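Source file: work33.pdb; contents: PDB, C-alpha atoms.
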ATOM      1  CA  MET Z 244      35.369 144.247 101.171
ATOM      2  CA  GLU Z 245      35.606 142.961 104.720
ATOM      3  CA  ILE Z 246      38.270 144.432 106.979
ATOM      4  CA  TYR Z 247      39.316 142.798 110.212
ATOM      5  CA  MET Z 248      41.249 144.839 112.732
ATOM      6  CA  GLY Z 249      41.650 143.472 116.176
ATOM      7  CA  PRO Z 250      44.012 142.091 118.754
ATOM      8  CA  HIS Z 251      46.667 139.699 117.567
ATOM      9  CA  THR Z 252      46.840 136.163 118.903
ATOM     10  CA  LYS Z 253      50.425 134.959 119.123
ATOM     11  CA  GLY Z 254      51.276 132.482 116.382
ATOM     12  CA  GLU Z 255      48.593 133.615 113.938
ATOM     13  CA  PRO Z 256      49.380 135.361 110.645
ATOM     14  CA  GLY Z 257      48.595 139.026 110.279
ATOM     15  CA  LEU Z 258      49.833 142.412 109.178
ATOM     16  CA  LEU Z 259      51.864 145.041 110.973
ATOM     17  CA  CYS Z 260      51.425 148.634 109.835
ATOM     18  CA  MET Z 261      54.528 150.638 109.063
ATOM     19  CA  PRO Z 262      54.057 154.416 109.220
ATOM     20  CA  LEU Z 263      54.387 156.120 105.855
ATOM     21  CA  VAL Z 264      57.184 158.684 105.596
ATOM     22  CA  LYS Z 265      54.861 161.059 103.729
ATOM     23  CA  HIS Z 266      52.602 161.288 106.796
ATOM     24  CA  PHE Z 267      55.356 162.850 108.919
ATOM     25  CA  PRO Z 268      57.112 166.213 108.803
ATOM     26  CA  LYS Z 269      60.240 166.350 106.644
ATOM     27  CA  ASN Z 270      63.318 164.743 108.281
ATOM     28  CA  TYR Z 271      61.222 163.389 111.159
ATOM     29  CA  GLY Z 272      63.155 160.125 111.096
ATOM     30  CA  GLU Z 273      66.366 161.952 111.950
ATOM     31  CA  ARG Z 274      64.889 162.715 115.376
ATOM     32  CA  ARG Z 275      64.258 159.013 115.889
ATOM     33  CA  PRO Z 276      67.627 157.264 115.468
ATOM     34  CA  SER Z 277      66.123 153.784 115.899
ATOM     35  CA  TRP Z 278      63.747 154.319 112.941
ATOM     36  CA  ARG Z 279      64.977 153.186 109.524
ATOM     37  CA  THR Z 280      63.567 154.143 106.161
ATOM     38  CA  VAL Z 281      62.436 151.054 104.192
ATOM     39  CA  ASN Z 282      60.109 150.354 101.302
ATOM     40  CA  CYS Z 283      56.779 148.581 101.682
ATOM     41  CA  PRO Z 284      57.172 145.053 100.289
ATOM     42  CA  SER Z 285      53.688 145.265  98.791
ATOM     43  CA  CYS Z 286      53.587 148.666  97.038
ATOM     44  CA  GLY Z 287      57.087 150.087  97.405
ATOM     45  CA  ALA Z 288      56.066 153.209  99.353
ATOM     46  CA  GLU Z 289      58.677 154.730 101.648
ATOM     47  CA  CYS Z 290      57.973 153.774 105.276
ATOM     48  CA  TYR Z 291      59.561 153.863 108.693
ATOM     49  CA  GLU Z 292      60.622 150.606 110.287
ATOM     50  CA  THR Z 293      60.586 151.146 114.043
ATOM     51  CA  ASP Z 294      62.528 149.281 116.689
ATOM     52  CA  GLN Z 295      59.236 147.925 118.084
ATOM     53  CA  LEU Z 296      58.295 146.571 114.661
ATOM     54  CA  ARG Z 297      61.640 144.781 114.330
ATOM     55  CA  THR Z 298      61.213 143.253 117.788
ATOM     56  CA  VAL Z 299      57.727 141.955 117.005
ATOM     57  CA  LEU Z 300      58.810 140.509 113.638
ATOM     58  CA  GLU Z 301      61.660 138.607 115.329
ATOM     59  CA  ASP Z 302      59.189 137.093 117.794
ATOM     60  CA  GLU Z 303      56.319 136.502 115.342
ATOM     61  CA  PRO Z 304      57.542 135.078 111.998
ATOM     62  CA  LYS Z 305      53.993 134.710 110.600
ATOM     63  CA  LEU Z 306      53.438 138.469 110.661
ATOM     64  CA  LYS Z 307      54.160 140.627 107.620
ATOM     65  CA  ALA Z 308      55.035 144.326 107.757
ATOM     66  CA  VAL Z 309      53.387 146.544 105.139
ATOM     67  CA  CYS Z 310      52.559 150.248 104.911
ATOM     68  CA  THR Z 311      49.381 151.435 106.571
ATOM     69  CA  LEU Z 312      47.556 151.877 103.252
ATOM     70  CA  CYS Z 313      48.391 148.346 102.077
ATOM     71  CA  ALA Z 314      47.231 146.923 105.421
ATOM     72  CA  LEU Z 315      43.878 148.616 104.903
ATOM     73  CA  LYS Z 316      43.660 147.430 101.278
ATOM     74  CA  LEU Z 317      44.507 143.875 102.281
ATOM     75  CA  GLY Z 318      41.794 143.950 104.938
ATOM     76  CA  GLY Z 319      44.083 143.241 107.867
ATOM     77  CA  ARG Z 320      44.841 139.706 106.714
ATOM     78  CA  ALA Z 321      48.226 138.501 105.482
TER      79      ALA Z 321
END
Could I get this file's structure written as structure tokens?
Amino acid sequence: MEIYMGPHTKGEPGLLCMPLVKHFPKNYGERRPSWRTVNCPSCGAECYETDQLRTVLEDEPKLKAVCTLCALKLGGRA
């Protein structure tokens, strides 16, 4: 399997990594009011959607947000 991880060029498709809830201490999201709990569209894992992620997705419609593990499985390509 070939994995590509590198800088994003505006307008190109790609993946954004959402942090997995299970990788943070319990109730961590409560300390970050701008973070929302969502499910990965690829595997259904519980993730955090950050305010930065929402901003990037509004500006870059070709990007897809998935959990970190799915991004690695998909090789960094949408």
Take atom CA of Cys260 of chain Z and atom CA of Leu296 of chain Z and report the distance between them in Å, one decimal.
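According to the coordinates, atom CA of Cys260 of chain Z and atom CA of Leu296 of chain Z are separated by 8.6 Å.
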Students should find that atom CA of Leu258 of chain Z and atom CA of Gly272 of chain Z are spaced 22.2 Å
Box for segment 275-279 of chain Z: with edges along x, y and z, all listed atoms inside and 3 Å added on each side, what are the centre and edge lengths in Å to one decimal, as AutoDock Vina command-line options?
--center_x 65.7 --center_y 156.1 --center_z 112.7 --size_x 9.9 --size_y 11.8 --size_z 12.4
I'd like to know which of Z:Leu306, Z:Pro250, Z:Trp278, Z:Lys269 is closest to Tyr291 of chain Z, using only C-alpha atoms.
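That would be Z:Trp278, the residue with the smallest distance to Tyr291 of chain Z.
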Just the residues within 8 Å of Val281 of chain Z, please, counting only C-alpha atoms, with nothing from its chain fewer than 3 positions along; format it as a count of residues only.
4
Sphere at (52.3, 133.4, 110.9), radius 9 Å, counting all atoms listed in the file: residues as a list of chain:residue names
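Output of the proximity query reads Z:Lys253, Z:Gly254, Z:Glu255, Z:Pro256, Z:Gly257, Z:Glu303, Z:Pro304, Z:Lys305, Z:Leu306, Z:Lys307, Z:Ala321.
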Residue members of the PyMOL selection byres ((chain Z and resi 284) around 10) in the file shown, as a ChimeraX atom specification
/Z:281-283,285-289,307-310,313
Selection export as a compact mmCIF listing (two decimals), in the coordinates of the input, atoms kept: C-alpha atoms:
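out_15.txt was written with the following content:
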# COMPACT_ATOMS: atom_id res chain seq x y z
CA VAL Z 281 62.44 151.05 104.19
CA ASN Z 282 60.11 150.35 101.30
CA CYS Z 283 56.78 148.58 101.68
CA SER Z 285 53.69 145.26 98.79
CA CYS Z 286 53.59 148.67 97.04
CA GLY Z 287 57.09 150.09 97.40
CA ALA Z 288 56.07 153.21 99.35
CA GLU Z 289 58.68 154.73 101.65
CA LYS Z 307 54.16 140.63 107.62
CA ALA Z 308 55.04 144.33 107.76
CA VAL Z 309 53.39 146.54 105.14
CA CYS Z 310 52.56 150.25 104.91
CA CYS Z 313 48.39 148.35 102.08
Which is closer to Lys316 of chain Z than all the others in Z:Val264, Z:Leu300, Z:Met248, Z:Asp294, using all atoms listed in the file?
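Comparing Z:Val264, Z:Leu300, Z:Met248, Z:Asp294 against Lys316 of chain Z, the winner is Z:Met248.
Computed from the coordinates, the atom CA of Pro262 of chain Z to atom CA of Gln295 of chain Z distance equals 12.1 Å.
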Option closest in space to Gly318 of chain Z, from Z:Arg297, Z:Gly249, Z:Tyr271, Z:Thr280 [counting all atoms listed in the file]:
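Counting all atoms listed in the file, the residue closest to Gly318 of chain Z is Z:Gly249.
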Using only C-alpha atoms, which residue out of Z:His266, Z:Thr252, Z:Ser277, Z:Leu312 lies closest to Thr298 of chain Z?
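The answer is Z:Ser277, which sits nearest to Thr298 of chain Z.
Nearest-residue note for Thr311 of chain Z: choosing from Z:Phe267, Z:Val299, Z:Leu259, Z:Arg279, the minimum distance belongs to Z:Leu259, counting all atoms listed in the file.
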